[in-house]
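Chemist: Dropping in structure-v9.tsv, which is TSV, C-alpha atoms:
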```tsv
chain	number	residue	atom	x	y	z
A	14	THR	CA	0.00	0.00	0.00
A	15	SER	CA	1.28	3.44	-0.84
A	16	LEU	CA	1.83	5.84	2.02
A	17	ILE	CA	1.16	8.96	-0.03
A	18	ARG	CA	-2.26	9.32	-1.52
A	19	VAL	CA	-3.10	11.89	-4.16
A	20	VAL	CA	-6.84	12.44	-4.19
A	21	GLN	CA	-8.82	14.60	-6.56
A	22	PHE	CA	-12.46	15.53	-6.09
A	23	PRO	CA	-14.69	17.48	-8.45
A	24	LEU	CA	-16.01	20.66	-6.82
A	25	GLN	CA	-19.08	19.50	-5.02
A	26	GLN	CA	-22.05	21.65	-4.13
A	27	HIS	CA	-21.17	22.20	-0.50
A	28	VAL	CA	-17.60	23.11	-1.37
A	29	LYS	CA	-18.84	25.65	-3.89
A	30	ALA	CA	-21.05	27.19	-1.22
A	31	LYS	CA	-18.06	27.65	1.07
A	32	LEU	CA	-16.12	29.41	-1.68
A	33	GLU	CA	-19.03	31.74	-2.34
A	34	LYS	CA	-19.26	32.61	1.31
A	35	ALA	CA	-15.69	33.85	1.14
A	36	VAL	CA	-16.72	36.11	-1.73
A	37	ILE	CA	-19.66	37.55	0.21
A	38	GLU	CA	-17.45	38.51	3.09
A	39	ASN	CA	-14.85	39.95	0.80
A	40	LYS	CA	-13.71	43.41	1.74
A	41	GLY	CA	-14.39	44.58	-1.79
A	42	ASP	CA	-18.12	44.40	-1.19
A	43	VAL	CA	-17.86	46.72	1.78
A	44	LEU	CA	-16.63	49.42	-0.54
A	45	VAL	CA	-19.56	48.94	-2.88
A	46	PHE	CA	-22.10	49.18	-0.07
A	47	SER	CA	-20.56	52.34	1.33
A	48	LEU	CA	-20.71	53.83	-2.16
A	49	CYS	CA	-24.41	52.94	-2.27
A	50	ILE	CA	-25.00	54.80	0.96
A	51	GLU	CA	-22.89	57.74	-0.14
A	52	SER	CA	-24.88	58.14	-3.34
A	53	VAL	CA	-28.17	58.31	-1.45
A	54	LEU	CA	-27.27	60.23	1.68
A	55	GLY	CA	-24.26	62.14	0.47
A	56	LYS	CA	-24.00	65.52	2.15
A	57	ALA	CA	-27.64	65.79	3.13
A	58	ASP	CA	-28.69	66.68	6.66
A	59	TYR	CA	-31.01	64.50	8.67
A	60	ASN	CA	-34.57	65.15	7.59
A	61	HIS	CA	-37.32	63.22	9.30
A	62	ASN	CA	-39.62	63.41	6.30
A	63	LYS	CA	-37.07	62.09	3.86
A	64	VAL	CA	-35.60	59.32	5.99
A	65	ASN	CA	-38.17	56.82	4.73
A	66	GLN	CA	-37.22	57.21	1.09
A	67	TRP	CA	-33.52	57.28	1.94
A	68	THR	CA	-33.55	53.96	3.75
A	69	ALA	CA	-35.71	52.43	1.03
A	70	ALA	CA	-33.28	53.61	-1.65
A	71	ILE	CA	-30.22	52.34	0.24
A	72	VAL	CA	-31.74	48.93	0.79
A	73	GLU	CA	-32.93	48.69	-2.83
A	74	GLN	CA	-29.56	49.53	-4.27
A	75	SER	CA	-27.76	47.12	-1.97
A	76	LEU	CA	-30.10	44.30	-2.92
A	77	THR	CA	-29.71	45.08	-6.62
A	78	HIS	CA	-25.96	44.90	-6.27
A	79	LEU	CA	-26.21	41.58	-4.45
A	80	VAL	CA	-28.49	40.13	-7.11
A	81	LYS	CA	-25.97	41.13	-9.76
A	82	LEU	CA	-23.40	38.91	-8.07
A	83	GLY	CA	-25.49	35.99	-9.27
A	84	LYS	CA	-24.95	33.62	-6.32
A	85	THR	CA	-27.48	31.13	-5.02
A	86	TYR	CA	-28.17	33.01	-1.81
A	87	LYS	CA	-31.14	34.51	-0.04
A	88	TYR	CA	-30.29	37.99	1.23
A	89	ILE	CA	-31.50	40.08	4.15
A	90	VAL	CA	-30.45	43.73	4.17
A	91	THR	CA	-31.04	45.89	7.25
A	92	CYS	CA	-30.45	49.61	7.35
A	93	ALA	CA	-30.58	51.87	10.41
A	94	VAL	CA	-30.31	55.64	10.08
A	95	MET	CA	-29.98	57.68	13.22
A	96	GLN	CA	-29.69	61.38	13.88
A	97	ARG	CA	-26.44	62.37	15.55
A	98	SER	CA	-27.16	63.86	18.90
A	99	GLY	CA	-24.46	62.45	21.12
A	100	ALA	CA	-26.49	59.44	22.22
A	101	GLY	CA	-24.86	56.03	22.13
A	102	LEU	CA	-25.97	53.15	19.97
A	103	HIS	CA	-25.13	49.44	20.17
A	104	THR	CA	-26.13	46.80	17.70
A	105	ALA	CA	-25.69	43.03	17.84
A	106	SER	CA	-26.92	40.11	15.80
A	107	SER	CA	-27.12	36.42	16.51
A	108	CYS	CA	-27.76	33.91	13.74
A	109	PHE	CA	-28.77	30.30	13.63
A	110	TRP	CA	-27.40	28.99	10.36
A	111	ASP	CA	-24.68	26.98	8.72
A	112	THR	CA	-21.48	28.82	9.55
A	113	THR	CA	-19.61	27.20	6.71
A	114	THR	CA	-21.84	28.54	3.94
A	115	ASP	CA	-23.65	31.61	5.35
A	116	GLY	CA	-22.10	34.97	6.09
A	117	THR	CA	-22.68	38.58	6.99
A	118	CYS	CA	-21.24	41.97	6.13
A	119	THR	CA	-21.67	45.23	8.06
A	120	VAL	CA	-20.99	48.74	6.81
A	121	ARG	CA	-20.93	51.87	8.96
A	122	TRP	CA	-21.18	55.31	7.47
A	123	GLU	CA	-21.60	58.73	8.96
A	124	ASN	CA	-21.67	62.36	8.11
A	125	ARG	CA	-22.13	65.51	10.12
A	126	THR	CA	-25.72	64.97	11.13
A	127	MET	CA	-26.44	61.28	10.91
A	128	ASN	CA	-25.15	57.73	11.30
A	129	CYS	CA	-26.02	54.87	9.01
A	130	ILE	CA	-25.44	51.15	9.61
A	131	VAL	CA	-26.13	48.60	6.89
A	132	ASN	CA	-26.12	44.86	7.64
A	133	VAL	CA	-26.16	42.28	4.91
A	134	PHE	CA	-26.95	38.65	5.81
A	135	ALA	CA	-26.50	36.00	3.14
A	136	VAL	CA	-28.15	32.62	3.68
A	137	ALA	CA	-27.18	29.82	1.31
A	138	ILE	CA	-29.56	27.74	-0.73
A	139	ILE	CA	-28.31	24.29	-1.57
A	140	LEU	CA	-29.70	23.37	-4.94
B	16	MET	CA	-12.64	-4.70	19.34
B	17	ALA	CA	-16.12	-4.99	20.73
B	18	GLU	CA	-15.97	-8.76	21.05
B	19	GLN	CA	-12.70	-8.94	22.91
B	20	PRO	CA	-13.75	-7.60	26.32
B	21	SER	CA	-16.78	-9.87	26.59
B	22	LEU	CA	-14.73	-12.92	25.70
B	23	GLU	CA	-12.18	-12.09	28.35
B	24	LEU	CA	-14.86	-11.47	30.91
B	25	ALA	CA	-16.70	-14.71	30.23
B	26	PRO	CA	-14.40	-17.09	32.07
B	27	SER	CA	-14.24	-14.89	35.18
B	28	THR	CA	-18.01	-14.53	35.43
B	29	GLN	CA	-18.44	-18.24	35.10
B	30	VAL	CA	-16.24	-18.68	38.15
B	31	THR	CA	-18.33	-16.38	40.34
B	32	ALA	CA	-21.55	-17.98	39.21
B	33	GLU	CA	-20.41	-21.36	40.35
B	34	ASP	CA	-19.20	-20.00	43.65
B	35	GLY	CA	-22.13	-18.38	45.33
B	36	THR	CA	-25.29	-17.92	43.33
B	37	GLU	CA	-28.28	-20.18	43.30
B	38	ALA	CA	-29.41	-19.33	39.82
B	39	PRO	CA	-26.55	-19.54	37.37
B	40	GLN	CA	-29.00	-19.71	34.46
B	41	PRO	CA	-29.92	-15.99	34.12
B	42	ARG	CA	-26.29	-14.99	34.36
B	43	ALA	CA	-25.27	-17.43	31.67
B	44	THR	CA	-27.85	-16.09	29.23
B	45	ARG	CA	-26.74	-12.50	29.79
B	46	ARG	CA	-23.08	-13.19	29.33
B	47	GLY	CA	-22.95	-12.32	25.67
B	48	SER	CA	-24.61	-8.91	25.83
B	49	GLN	CA	-22.31	-5.95	25.99
B	50	PRO	CA	-24.30	-3.53	28.20
B	51	THR	CA	-24.36	-5.77	31.25
B	52	ALA	CA	-20.62	-6.42	31.13
B	53	PRO	CA	-19.65	-3.17	32.87
B	54	SER	CA	-22.06	-3.87	35.72
B	55	ARG	CA	-20.39	-7.22	36.27
B	56	GLY	CA	-17.07	-5.43	36.08
B	57	ALA	CA	-18.11	-3.23	38.97
B	58	GLU	CA	-18.82	-6.25	41.13
B	59	GLU	CA	-15.45	-7.82	40.45
B	60	GLY	CA	-13.40	-4.70	40.97
B	61	LYS	CA	-11.06	-2.95	38.65
B	62	ALA	CA	-9.62	-5.98	36.87
B	63	PRO	CA	-12.09	-6.25	33.96
B	64	GLN	CA	-11.86	-2.54	33.27
B	65	LEU	CA	-8.13	-2.77	32.86
B	66	LEU	CA	-8.67	-5.78	30.64
B	67	SER	CA	-10.99	-3.83	28.35
B	68	ARG	CA	-8.62	-0.86	28.25
B	69	ARG	CA	-5.68	-3.02	27.36
B	70	SER	CA	-7.53	-4.56	24.47
B	71	SER	CA	-8.44	-1.17	23.01
B	72	VAL	CA	-4.82	-0.01	23.18
B	73	LEU	CA	-3.66	-3.23	21.54
B	74	SER	CA	-5.95	-2.72	18.58
B	75	THR	CA	-4.21	0.49	17.53
B	76	LEU	CA	-0.66	-0.63	18.18
B	77	LEU	CA	1.09	-2.73	15.60
B	78	GLY	CA	3.08	-5.02	17.86
B	79	PRO	CA	4.59	-3.36	20.87
B	80	PRO	CA	7.20	-5.11	22.94
B	81	GLY	CA	5.85	-7.01	25.89
B	82	SER	CA	7.41	-4.70	28.47
B	83	ARG	CA	5.55	-1.70	27.12
B	84	ARG	CA	2.11	-3.27	27.26
B	85	SER	CA	1.50	-3.04	30.97
B	86	SER	CA	2.66	0.54	31.31
B	87	LEU	CA	0.36	1.71	28.58
B	88	GLY	CA	-2.55	-0.21	30.05
B	89	ALA	CA	-2.03	0.81	33.65
B	90	ALA	CA	-1.89	4.55	33.12
B	91	PRO	CA	-3.92	5.45	30.07
B	92	GLY	CA	-4.36	9.07	31.08
B	93	GLY	CA	-1.14	9.58	33.00
B	94	LYS	CA	2.49	9.73	31.97
B	95	ARG	CA	3.06	9.01	28.33
B	96	PRO	CA	6.00	6.75	27.57
B	97	SER	CA	8.22	8.23	24.93
B	98	VAL	CA	7.21	6.15	21.96
B	99	GLY	CA	7.71	7.24	18.42
B	100	PRO	CA	4.90	7.88	15.96
B	101	TRP	CA	5.40	4.46	14.43
B	102	LEU	CA	4.07	2.88	17.60
B	103	LEU	CA	1.16	5.20	18.27
B	104	HIS	CA	-0.11	5.59	14.73
B	105	SER	CA	-0.78	2.91	12.23
B	106	ARG	CA	0.58	4.84	9.25
B	107	VAL	CA	3.65	6.98	8.99
B	108	SER	CA	4.77	8.93	5.97
B	109	PHE	CA	8.29	8.84	4.63
B	110	THR	CA	9.18	11.99	6.58
B	111	GLY	CA	8.43	10.30	9.87
B	112	LEU	CA	5.32	12.35	10.57
B	113	PRO	CA	2.10	10.47	11.23
B	114	LEU	CA	-0.42	10.10	8.47
B	115	PHE	CA	-3.92	10.68	9.77
B	116	GLN	CA	-6.79	8.98	8.10
B	117	PRO	CA	-9.13	11.56	6.57
B	118	ILE	CA	-12.28	11.98	8.61
B	119	PRO	CA	-15.15	11.06	6.29
B	120	GLU	CA	-17.70	13.83	5.97
B	121	THR	CA	-21.26	12.70	6.33
B	122	HIS	CA	-23.29	13.76	3.33
B	123	LEU	CA	-26.98	13.80	4.05
B	124	GLU	CA	-29.31	12.63	1.37
B	125	ASN	CA	-31.58	14.97	-0.51
B	126	THR	CA	-35.04	15.23	0.97
B	127	TYR	CA	-36.47	17.08	-2.06
B	128	ARG	CA	-38.53	19.37	0.17
B	129	MET	CA	-38.57	22.82	-1.40
B	130	ARG	CA	-41.35	24.29	0.72
B	131	PRO	CA	-42.23	23.97	4.38
B	132	GLU	CA	-45.09	21.64	5.18
B	133	GLU	CA	-48.64	22.94	5.47
B	134	GLY	CA	-49.19	24.68	8.77
B	135	CYS	CA	-45.48	24.66	9.50
B	136	ARG	CA	-44.70	28.19	8.43
B	137	PHE	CA	-42.83	30.91	10.24
B	138	ASN	CA	-45.52	32.35	12.48
B	139	ALA	CA	-44.73	36.06	12.58
B	140	GLY	CA	-47.34	37.01	15.16
B	141	ARG	CA	-46.23	34.35	17.60
B	142	VAL	CA	-42.57	35.29	17.27
B	143	GLN	CA	-43.43	38.96	17.73
B	144	ARG	CA	-45.20	38.24	21.01
B	145	VAL	CA	-42.24	36.20	22.19
B	146	LEU	CA	-39.87	39.04	21.30
B	147	GLU	CA	-41.97	41.65	23.08
B	148	GLY	CA	-42.20	39.56	26.19
B	149	ALA	CA	-38.47	38.87	26.25
B	150	LEU	CA	-37.52	42.50	25.65
B	151	ALA	CA	-39.82	43.77	28.39
B	152	GLY	CA	-38.55	41.14	30.77
B	153	VAL	CA	-34.88	41.85	30.27
B	154	LEU	CA	-34.89	45.60	29.78
B	155	GLY	CA	-37.71	46.45	32.16
B	156	GLY	CA	-35.60	47.89	34.89
B	157	THR	CA	-32.30	48.48	33.11
B	158	ALA	CA	-30.67	51.83	32.54
B	159	TYR	CA	-28.32	52.66	29.68
B	160	SER	CA	-24.60	52.55	30.37
B	161	PRO	CA	-21.90	52.74	27.68
B	162	GLN	CA	-19.80	49.82	28.94
B	163	GLY	CA	-22.58	47.59	30.16
B	164	SER	CA	-24.70	47.93	27.07
B	165	THR	CA	-22.14	46.23	24.85
B	166	VAL	CA	-22.40	43.02	26.80
B	167	LEU	CA	-26.11	43.48	27.31
B	168	VAL	CA	-26.93	43.78	23.64
B	169	GLN	CA	-24.87	40.70	22.71
B	170	SER	CA	-26.49	38.56	25.37
B	171	LEU	CA	-29.88	39.95	24.40
B	172	ALA	CA	-29.35	38.97	20.77
B	173	GLU	CA	-28.44	35.43	21.77
B	174	LEU	CA	-31.33	35.19	24.18
B	175	LEU	CA	-33.86	36.37	21.61
B	176	ARG	CA	-32.47	33.98	19.06
B	177	SER	CA	-32.82	31.03	21.38
B	178	ARG	CA	-36.35	32.08	22.38
B	179	ALA	CA	-37.36	32.43	18.76
B	180	LYS	CA	-35.82	29.06	17.96
B	181	GLU	CA	-38.19	27.38	20.40
B	182	VAL	CA	-41.33	28.62	18.66
B	183	VAL	CA	-40.16	28.38	15.07
B	184	PRO	CA	-40.67	25.11	13.11
B	185	PRO	CA	-37.59	23.08	12.13
B	186	ARG	CA	-35.62	23.65	8.90
B	187	TYR	CA	-35.66	27.40	9.47
B	188	LYS	CA	-32.49	29.46	9.69
B	189	LEU	CA	-32.80	32.49	11.94
B	190	VAL	CA	-31.15	35.88	11.82
B	191	CYS	CA	-31.73	37.95	14.95
B	192	HIS	CA	-30.69	41.60	14.94
B	193	VAL	CA	-30.89	43.88	17.99
B	194	LEU	CA	-30.31	47.62	18.22
B	195	LEU	CA	-29.95	49.19	21.64
B	196	GLY	CA	-29.53	52.91	22.05
B	197	GLN	CA	-29.58	55.66	24.55
B	198	GLN	CA	-32.81	57.58	24.76
B	199	GLY	CA	-32.03	61.14	23.78
B	200	GLN	CA	-33.69	63.73	21.62
B	201	GLN	CA	-32.78	62.01	18.39
B	202	SER	CA	-34.93	60.35	15.81
B	203	MET	CA	-34.18	57.02	14.23
B	204	LEU	CA	-35.48	54.75	11.52
B	205	VAL	CA	-34.72	51.06	11.04
B	206	ALA	CA	-35.59	49.45	7.73
B	207	SER	CA	-34.97	46.04	6.27
B	208	ARG	CA	-35.64	44.33	2.99
B	209	ALA	CA	-34.96	40.83	1.86
B	210	LEU	CA	-34.63	38.76	-1.26
B	211	TRP	CA	-36.28	35.46	-0.43
B	212	ASP	CA	-39.28	33.26	-1.06
B	213	PRO	CA	-42.22	35.18	0.41
B	214	GLU	CA	-44.37	32.08	0.83
B	215	SER	CA	-42.00	30.34	3.18
B	216	ASP	CA	-39.84	33.10	4.70
B	217	SER	CA	-40.89	35.92	6.95
B	218	PHE	CA	-39.77	38.17	9.75
B	219	ALA	CA	-40.99	39.58	13.05
B	220	SER	CA	-39.92	42.69	14.92
B	221	ALA	CA	-40.55	44.30	18.29
B	222	SER	CA	-39.44	47.45	20.01
B	223	PHE	CA	-39.18	48.56	23.59
B	224	CYS	CA	-38.33	51.86	25.23
B	225	ASN	CA	-38.03	53.17	28.74
B	226	ALA	CA	-36.74	56.42	30.19
B	227	SER	CA	-33.06	55.87	29.42
B	228	LEU	CA	-32.89	53.43	26.53
B	229	PHE	CA	-34.70	52.04	23.55
B	230	ALA	CA	-34.33	48.68	21.81
B	231	VAL	CA	-35.42	47.33	18.44
B	232	ALA	CA	-35.26	43.61	17.72
B	233	THR	CA	-35.90	41.85	14.40
B	234	VAL	CA	-35.90	38.15	13.70
B	235	HIS	CA	-35.85	36.95	10.08
B	236	GLY	CA	-36.72	33.32	9.42
B	237	VAL	CA	-35.44	31.75	6.20
B	238	TYR	CA	-36.50	28.27	5.14
B	239	PHE	CA	-33.58	26.00	4.43
B	240	GLU	CA	-34.23	23.91	1.34
```
For the file at hand, write its structure as structure tokens.
Modeler:
Amino acid sequence: TSLIRVVQFPLQQHVKAKLEKAVIENKGDVLVFSLCIESVLGKADYNHNKVNQWTAAIVEQSLTHLVKLGKTYKYIVTCAVMQRSGAGLHTASSCFWDTTTDGTCTVRWENRTMNCIVNVFAVAIIL
Amino acid sequence: MAEQPSLELAPSTQVTAEDGTEAPQPRATRRGSQPTAPSRGAEEGKAPQLLSRRSSVLSTLLGPPGSRRSSLGAAPGGKRPSVGPWLLHSRVSFTGLPLFQPIPETHLENTYRMRPEEGCRFNAGRVQRVLEGALAGVLGGTAYSPQGSTVLVQSLAELLRSRAKEVVPPRYKLVCHVLLGQQGQQSMLVASRALWDPESDSFASASFCNASLFAVATVHGVYFE
């Protein structure tokens, strides 16, 4: 019997899912999401009437970008916009999923009058 | 390896049966079964346990010298004798390092269930009530503090996730997100949107505020195909 074994496997489904998870959590995506936020909020000041459309636009654009990646994932995008008044804010998330194939990405953005936090959760679908 | 201990025990139990008991018959029938062997071992002291340990060590070793056998059997968790990898492992590569057998991954078979069963959906109203109750219970008397809130929000997220897990049907992945902030004069909006199958996946959210803090919790449930 040989002591050294050379084994080759074709890329199976669950291995592909793990590779795609690495792509989701890639730092490159963080840049794209912060650009999304920048394009919507930009230099605007916090306006209670417009906050609704701002958050909707941020979430829409993030989801569109994620769909363009073309992976077999379900996505959940959360966006929180808060007026800057010196108050503290903490956020935490706890997920029950498959840690090998599912991942998350968080982007923080701020300007003079407001803070924005965008969370992206990607949950794998095994076809 | 499983057969060895019972075979070694058999002669010793036969001896005790002939000594004192009045009914050797039930003991003889139970001799072969593995689960009752340890109970007999307890009656006879430590000897059968050492016997079973020795046999398990022997199965992994190729052929150790006779002097080594007793030391390995007597102190399985204690001092390790300085043996090389060729004694402890069954395969060694040409470099002298041990070759570990690859651990086989268990691949589960396809169940072909694309949708949750009827009546087994993510019940948003039920989860929302659970979230509201949990938030009120934990944060009822708490005040905001910058250092304490970090730990509080993490433990709160885990607690809410475990509470939601109890009421949610199986095959659902959960994402629980909690925001905890200091109550000031500011305004805030939390929005979320998801790309999923609306028939099977849903979410529930609850909020809580008292004089010094506010909290918003969302739980998204995604069906795992």
Chemist: If the cut-off is 7 Å, can you tell me the residues of chain B near chain A, counting all atoms listed in the file? I'd like them as an MDAnalysis selection string.
Modeler: chainID B and resid 108 165 168:169 172:173 176 188:197 199 201:211 239:240
Chemist: State, in Å with one decimal place, the distance from atom CA of Asn225 of chain B to atom CA of Gly155 of chain B.
Modeler: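 Atom-to-atom, atom CA of Asn225 of chain B and atom CA of Gly155 of chain B are spaced 7.5 Å apart.
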Chemist: Between atom CA of Val45 of chain A and atom CA of Gln66 of chain A, what is the distance, to one decimal in Å?
Modeler: 19.9 Å
Chemist: Distance atom CA of Val53 of chain A-atom CA of Gln74 of chain A, one decimal place?
Modeler: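 Spanning atom CA of Val53 of chain A to atom CA of Gln74 of chain A is a straight-line distance of 9.3 Å.
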Chemist: Which polymer residues have any atom within 12 Å of an atom of Cys224 of chain B, counting all atoms listed in the file, with same-chain residues fewer than 3 positions away left out, as a ChimeraX atom specification?
Modeler: /B:147,150-151,153-159,194-199,221,227-232
Chemist: Would you compute an axis-aligned box for segment 118-136 of chain B, covering every atom listed for it in the file with 8 Å of margin on each side, and report centre and edge lengths in Å to one decimal as JSON?
Modeler:
```
{"center_x": -30.7, "center_y": 19.6, "center_z": 3.7, "size_x": 52.9, "size_y": 33.1, "size_z": 27.6}
```
Chemist: Would you please work out which residue, of A:His78, A:Lys56, A:Lys63, A:Lys84, is nearest to Asn124 of chain A when using all atoms listed in the file?
Modeler: A:Lys56
Chemist: Of the candidates A:Glu51, A:Thr85, A:Ala70, A:Asn62, which one gets nearest to Glu123 of chain A if we count all atoms listed in the file?
Modeler: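 When distances to Glu123 of chain A are compared using all atoms listed in the file, the smallest one comes from A:Glu51.
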Chemist: Can you fill out segment 135-156 of chain B with N, CA, C and O atoms and hand it back as a PDB file, in the frame of the given file?
Modeler:
```pdb
ATOM      1  N   CYS B 135     -46.768  24.599   8.827  1.00  0.00           N
ATOM      2  CA  CYS B 135     -45.480  24.660   9.500  1.00  0.00           C
ATOM      3  C   CYS B 135     -44.698  25.880   9.061  1.00  0.00           C
ATOM      4  O   CYS B 135     -43.506  25.812   8.842  1.00  0.00           O
ATOM      5  N   ARG B 136     -45.385  26.980   8.892  1.00  0.00           N
ATOM      6  CA  ARG B 136     -44.700  28.190   8.430  1.00  0.00           C
ATOM      7  C   ARG B 136     -44.137  28.964   9.597  1.00  0.00           C
ATOM      8  O   ARG B 136     -44.400  28.693  10.743  1.00  0.00           O
ATOM      9  N   PHE B 137     -43.358  29.984   9.241  1.00  0.00           N
ATOM     10  CA  PHE B 137     -42.830  30.910  10.240  1.00  0.00           C
ATOM     11  C   PHE B 137     -43.984  31.776  10.716  1.00  0.00           C
ATOM     12  O   PHE B 137     -44.535  32.561   9.966  1.00  0.00           O
ATOM     13  N   ASN B 138     -44.367  31.638  11.966  1.00  0.00           N
ATOM     14  CA  ASN B 138     -45.520  32.350  12.480  1.00  0.00           C
ATOM     15  C   ASN B 138     -45.081  33.706  13.019  1.00  0.00           C
ATOM     16  O   ASN B 138     -44.559  33.814  14.131  1.00  0.00           O
ATOM     17  N   ALA B 139     -45.291  34.755  12.227  1.00  0.00           N
ATOM     18  CA  ALA B 139     -44.730  36.060  12.580  1.00  0.00           C
ATOM     19  C   ALA B 139     -45.368  36.622  13.843  1.00  0.00           C
ATOM     20  O   ALA B 139     -44.674  37.205  14.692  1.00  0.00           O
ATOM     21  N   GLY B 140     -46.684  36.447  13.992  1.00  0.00           N
ATOM     22  CA  GLY B 140     -47.340  37.010  15.160  1.00  0.00           C
ATOM     23  C   GLY B 140     -46.845  36.381  16.460  1.00  0.00           C
ATOM     24  O   GLY B 140     -46.598  37.062  17.469  1.00  0.00           O
ATOM     25  N   ARG B 141     -46.666  35.048  16.396  1.00  0.00           N
ATOM     26  CA  ARG B 141     -46.230  34.350  17.600  1.00  0.00           C
ATOM     27  C   ARG B 141     -44.817  34.780  18.004  1.00  0.00           C
ATOM     28  O   ARG B 141     -44.532  35.024  19.179  1.00  0.00           O
ATOM     29  N   VAL B 142     -43.954  34.889  16.985  1.00  0.00           N
ATOM     30  CA  VAL B 142     -42.570  35.290  17.270  1.00  0.00           C
ATOM     31  C   VAL B 142     -42.541  36.723  17.798  1.00  0.00           C
ATOM     32  O   VAL B 142     -41.762  37.042  18.698  1.00  0.00           O
ATOM     33  N   GLN B 143     -43.412  37.574  17.259  1.00  0.00           N
ATOM     34  CA  GLN B 143     -43.430  38.960  17.730  1.00  0.00           C
ATOM     35  C   GLN B 143     -43.813  39.028  19.195  1.00  0.00           C
ATOM     36  O   GLN B 143     -43.221  39.782  19.977  1.00  0.00           O
ATOM     37  N   ARG B 144     -44.801  38.219  19.600  1.00  0.00           N
ATOM     38  CA  ARG B 144     -45.200  38.240  21.010  1.00  0.00           C
ATOM     39  C   ARG B 144     -44.066  37.739  21.894  1.00  0.00           C
ATOM     40  O   ARG B 144     -43.818  38.282  22.984  1.00  0.00           O
ATOM     41  N   VAL B 145     -43.376  36.711  21.416  1.00  0.00           N
ATOM     42  CA  VAL B 145     -42.240  36.200  22.190  1.00  0.00           C
ATOM     43  C   VAL B 145     -41.168  37.270  22.350  1.00  0.00           C
ATOM     44  O   VAL B 145     -40.611  37.476  23.434  1.00  0.00           O
ATOM     45  N   LEU B 146     -40.897  37.999  21.253  1.00  0.00           N
ATOM     46  CA  LEU B 146     -39.870  39.040  21.300  1.00  0.00           C
ATOM     47  C   LEU B 146     -40.264  40.151  22.266  1.00  0.00           C
ATOM     48  O   LEU B 146     -39.446  40.624  23.057  1.00  0.00           O
ATOM     49  N   GLU B 147     -41.536  40.562  22.189  1.00  0.00           N
ATOM     50  CA  GLU B 147     -41.970  41.650  23.080  1.00  0.00           C
ATOM     51  C   GLU B 147     -41.856  41.244  24.531  1.00  0.00           C
ATOM     52  O   GLU B 147     -41.378  42.010  25.377  1.00  0.00           O
ATOM     53  N   GLY B 148     -42.291  40.016  24.813  1.00  0.00           N
ATOM     54  CA  GLY B 148     -42.200  39.560  26.190  1.00  0.00           C
ATOM     55  C   GLY B 148     -40.767  39.498  26.685  1.00  0.00           C
ATOM     56  O   GLY B 148     -40.449  39.922  27.803  1.00  0.00           O
ATOM     57  N   ALA B 149     -39.870  39.000  25.836  1.00  0.00           N
ATOM     58  CA  ALA B 149     -38.470  38.870  26.250  1.00  0.00           C
ATOM     59  C   ALA B 149     -37.827  40.228  26.451  1.00  0.00           C
ATOM     60  O   ALA B 149     -37.090  40.453  27.417  1.00  0.00           O
ATOM     61  N   LEU B 150     -38.113  41.168  25.537  1.00  0.00           N
ATOM     62  CA  LEU B 150     -37.520  42.500  25.650  1.00  0.00           C
ATOM     63  C   LEU B 150     -37.982  43.183  26.932  1.00  0.00           C
ATOM     64  O   LEU B 150     -37.188  43.745  27.686  1.00  0.00           O
ATOM     65  N   ALA B 151     -39.291  43.113  27.186  1.00  0.00           N
ATOM     66  CA  ALA B 151     -39.820  43.770  28.390  1.00  0.00           C
ATOM     67  C   ALA B 151     -39.235  43.135  29.636  1.00  0.00           C
ATOM     68  O   ALA B 151     -38.904  43.817  30.608  1.00  0.00           O
ATOM     69  N   GLY B 152     -39.079  41.818  29.601  1.00  0.00           N
ATOM     70  CA  GLY B 152     -38.550  41.140  30.770  1.00  0.00           C
ATOM     71  C   GLY B 152     -37.108  41.503  31.076  1.00  0.00           C
ATOM     72  O   GLY B 152     -36.727  41.704  32.227  1.00  0.00           O
ATOM     73  N   VAL B 153     -36.295  41.598  30.026  1.00  0.00           N
ATOM     74  CA  VAL B 153     -34.880  41.850  30.270  1.00  0.00           C
ATOM     75  C   VAL B 153     -34.607  43.328  30.524  1.00  0.00           C
ATOM     76  O   VAL B 153     -33.842  43.694  31.408  1.00  0.00           O
ATOM     77  N   LEU B 154     -35.227  44.174  29.719  1.00  0.00           N
ATOM     78  CA  LEU B 154     -34.890  45.600  29.780  1.00  0.00           C
ATOM     79  C   LEU B 154     -35.806  46.395  30.676  1.00  0.00           C
ATOM     80  O   LEU B 154     -35.691  47.607  30.749  1.00  0.00           O
ATOM     81  N   GLY B 155     -36.728  45.721  31.371  1.00  0.00           N
ATOM     82  CA  GLY B 155     -37.710  46.450  32.160  1.00  0.00           C
ATOM     83  C   GLY B 155     -37.103  47.453  33.109  1.00  0.00           C
ATOM     84  O   GLY B 155     -37.479  48.615  33.145  1.00  0.00           O
ATOM     85  N   GLY B 156     -36.135  46.993  33.886  1.00  0.00           N
ATOM     86  CA  GLY B 156     -35.600  47.890  34.890  1.00  0.00           C
ATOM     87  C   GLY B 156     -34.181  48.342  34.617  1.00  0.00           C
ATOM     88  O   GLY B 156     -33.491  48.831  35.512  1.00  0.00           O
TER      89      GLY B 156
END
```
